[in-house]
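What follows is one structure encoded as structure tokens, with my remarks underneath.
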Amino acid sequence: EPEVTQTPSHQVTQMGQEVILRCVPISNHLYFYWYRQILGQKVEFLVSFYNNEISEKSEIFDDQFSVERPDGSNFTLKIRSTKLEDSAMYFCASSDLLVFNTQYFGPGTRLTVL
Amino acid sequence: AQSVTQLGSHVSVSEGALVLLRCNYSSSVPPYLFWYVQYPNQGLQLLLKYTSAATLVKGINGFEAEFKKSETSFHLTKPSAHMSDAAEYFCAVSDRSNTGKLIFGQGTTLQVKP
């Protein structure tokens, strides 16, 4: 069964460093998302991406964040200068049919900012 | 704006007992509603979804949920809990926008006692 994959599973970085979180969505999906979950809190929407551009972003997704689909398979989230409060689990999701919006999630990347 | 409230951050049941996880939503338009399950150290797995067809929705692993518009609820049930059902459960609503982002509740941790 096709699945969304994410790498790395755990990333530790120093405050102020850049990190890139990688995702490989399901191959025939067209809509891509990033969510995050701070420990003990709910899953929050960050950004959605379709047709090689951002379709919506939350207020969390400020200028420090960017997304890219550099090739036909990868979908990346970059944080330019990490802050302590960026520590969270980051989930990638993809969807093939927007009307019913069944999003399939990856296993997540746990980002720890020291 | 849409929102989801899950009543009870922790629910504990005995093996074989009824599972009831509560979810109430707020939406100005007919919503799409979802339940996801998260097992330890794993991603979010779709249990079931409501997309304005039948109000009683059956999902995987014996779970089902009923959409009640008058009560703005979408509670998740399972007649007989199994030890393997211990996990965190998230209710989510889609705003049907052209981005299809999901808005999640706080989550409910289900504990199953032998």
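Each chain of the structure tokens is named A, B, ... in the order shown, its residues numbered from 1; ligands are numbered from 1 in display order.
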Show me, as a PyMOL selection string, the residues of chain A whose atoms get within 12 Å of chain B, using only C-alpha atoms for the distance check.
chain A and resi 3-6+9-10+30-51+53-58+89-110
Do a neighbour search on Gly8 (chain B) at 8 Å with only C-alpha atoms, toss out local chain neighbours closer than 6 positions, and write the hits as a tab-separated table (two decimals) with N, CA and C atoms, in the first residue's frame.
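Once written, around05.tsv looks like this:
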```tsv
chain	number	residue	atom	x	y	z
B	21	LEU	N	-15.72	8.13	22.22
B	21	LEU	CA	-14.87	9.32	22.20
B	21	LEU	C	-15.67	10.45	21.57
B	22	ARG	N	-15.73	11.56	22.28
B	22	ARG	CA	-16.64	12.63	21.89
B	22	ARG	C	-15.95	13.71	21.06
B	108	THR	N	-7.71	12.75	22.11
B	108	THR	CA	-8.12	11.96	23.27
B	108	THR	C	-7.26	10.73	23.34
```
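The shortest atom-to-atom distance to Tyr39 (chain B), with only C-alpha atoms taken into account, belongs to B:Glu88 out of B:Glu88, B:Ser12, B:Val93, B:Pro114.
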Spatial neighbours of region 63-80 of chain B, max dist 9 Å, only C-alpha atoms, sep filter under 6 positions, as a ChimeraX atom specification:
/B:15-27,30,33-35,47-50,52,54-57,91
Residues as selected, N, CA, C and O atoms, written as a compact mmCIF listing (two decimals), in the first residue's frame, can you do that?
```txt
# COMPACT_ATOMS: atom_id res chain seq x y z
N GLU B 15 -11.05 -3.75 28.72
CA GLU B 15 -11.11 -4.55 27.50
C GLU B 15 -12.50 -5.17 27.38
O GLU B 15 -13.04 -5.70 28.36
N GLY B 16 -13.08 -5.05 26.18
CA GLY B 16 -14.43 -5.58 25.96
C GLY B 16 -15.53 -4.57 26.19
O GLY B 16 -16.69 -4.82 25.81
N ALA B 17 -15.22 -3.46 26.80
CA ALA B 17 -16.23 -2.42 27.08
C ALA B 17 -16.42 -1.52 25.88
O ALA B 17 -15.59 -1.46 24.96
N LEU B 18 -17.52 -0.77 25.92
CA LEU B 18 -17.82 0.18 24.86
C LEU B 18 -16.83 1.34 24.89
O LEU B 18 -16.49 1.87 25.95
N VAL B 19 -16.39 1.74 23.70
CA VAL B 19 -15.55 2.92 23.56
C VAL B 19 -16.40 4.05 23.02
O VAL B 19 -17.12 3.87 22.02
N LEU B 20 -16.36 5.20 23.69
CA LEU B 20 -17.06 6.40 23.21
C LEU B 20 -16.11 7.58 23.35
O LEU B 20 -15.74 7.97 24.45
N LEU B 21 -15.72 8.13 22.22
CA LEU B 21 -14.87 9.32 22.20
C LEU B 21 -15.67 10.45 21.57
O LEU B 21 -16.19 10.31 20.46
N ARG B 22 -15.73 11.56 22.28
CA ARG B 22 -16.64 12.63 21.89
C ARG B 22 -15.95 13.71 21.06
O ARG B 22 -14.81 14.11 21.36
N CYS B 23 -16.69 14.19 20.07
CA CYS B 23 -16.19 15.26 19.21
C CYS B 23 -17.36 16.16 18.85
O CYS B 23 -18.38 15.69 18.37
N ASN B 24 -17.18 17.44 19.08
CA ASN B 24 -18.15 18.44 18.63
C ASN B 24 -17.43 19.42 17.73
O ASN B 24 -16.27 19.76 17.94
N TYR B 25 -18.14 19.88 16.73
CA TYR B 25 -17.52 20.77 15.76
C TYR B 25 -18.32 22.05 15.66
O TYR B 25 -19.48 22.14 16.05
N SER B 26 -17.67 23.04 15.11
CA SER B 26 -18.32 24.30 14.79
C SER B 26 -17.97 24.62 13.34
O SER B 26 -16.80 24.62 12.96
N SER B 27 -19.02 24.85 12.56
CA SER B 27 -18.78 25.14 11.15
C SER B 27 -19.97 25.90 10.58
O SER B 27 -21.12 25.56 10.85
N PRO B 30 -21.70 23.04 5.74
CA PRO B 30 -21.65 21.59 6.00
C PRO B 30 -20.21 21.10 5.96
O PRO B 30 -19.49 21.35 5.00
N LEU B 33 -15.87 15.64 8.06
CA LEU B 33 -15.35 15.30 9.39
C LEU B 33 -14.56 14.01 9.33
O LEU B 33 -14.90 13.10 8.57
N PHE B 34 -13.54 13.95 10.15
CA PHE B 34 -12.61 12.83 10.11
C PHE B 34 -12.22 12.42 11.53
O PHE B 34 -12.18 13.24 12.44
N TRP B 35 -11.94 11.13 11.67
CA TRP B 35 -11.25 10.64 12.85
C TRP B 35 -9.95 10.00 12.41
O TRP B 35 -9.92 9.17 11.50
N LEU B 47 -9.12 6.74 10.34
CA LEU B 47 -10.07 5.72 10.81
C LEU B 47 -11.34 5.74 9.97
O LEU B 47 -11.83 4.69 9.56
N LEU B 48 -11.89 6.93 9.80
CA LEU B 48 -13.13 7.06 9.03
C LEU B 48 -13.36 8.53 8.70
O LEU B 48 -12.71 9.41 9.26
N LYS B 49 -14.32 8.74 7.79
CA LYS B 49 -14.61 10.11 7.37
C LYS B 49 -16.10 10.25 7.04
O LYS B 49 -16.75 9.30 6.60
N TYR B 50 -16.61 11.45 7.27
CA TYR B 50 -17.96 11.81 6.89
C TYR B 50 -17.89 12.87 5.81
O TYR B 50 -17.24 13.91 5.99
N SER B 52 -20.87 13.85 3.89
CA SER B 52 -22.26 14.22 3.59
C SER B 52 -23.05 13.14 2.88
O SER B 52 -24.05 13.43 2.24
N ALA B 54 -24.00 8.99 4.02
CA ALA B 54 -24.67 8.40 5.17
C ALA B 54 -24.19 9.03 6.46
O ALA B 54 -23.00 9.32 6.62
N THR B 55 -25.10 9.24 7.40
CA THR B 55 -24.71 9.88 8.66
C THR B 55 -23.99 8.93 9.60
O THR B 55 -23.25 9.37 10.47
N LEU B 56 -24.22 7.63 9.43
CA LEU B 56 -23.48 6.65 10.22
C LEU B 56 -22.35 6.12 9.35
O LEU B 56 -22.58 5.53 8.30
N VAL B 57 -21.16 6.35 9.81
CA VAL B 57 -19.98 6.02 9.02
C VAL B 57 -19.21 4.90 9.70
O VAL B 57 -18.94 4.97 10.90
N CYS B 91 -10.07 14.04 16.24
CA CYS B 91 -11.18 14.43 15.39
C CYS B 91 -10.74 15.65 14.59
O CYS B 91 -10.01 16.52 15.12
```
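Every protein, DNA or RNA residue with an atom at most 8 Å from Asp85 (chain B), where only C-alpha atoms count and chain neighbours fewer than 6 positions away do not, is listed here: Leu110, Gln111 and Val112 of chain B.
Each of A:Asn52, A:Glu1, A:Glu18, A:Gln11 was compared to Asp71 (chain A) using only C-alpha atoms, and A:Asn52 turns out to be the nearest.
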Extract the full set of strand (DSSP E or B) residues from chain A according to DSSP on the backbone, and format it as a ChimeraX atom specification.
/A:5-7,10-13,19-24,31-37,43-50,53-57,65-68,75-79,88-95,104-105,109-113
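Among the candidate residues A:Met15, A:Asn28, A:Arg80, A:Ser73, the one lying nearest to Phe61 (chain A) is A:Arg80, with distances computed using only C-alpha atoms.
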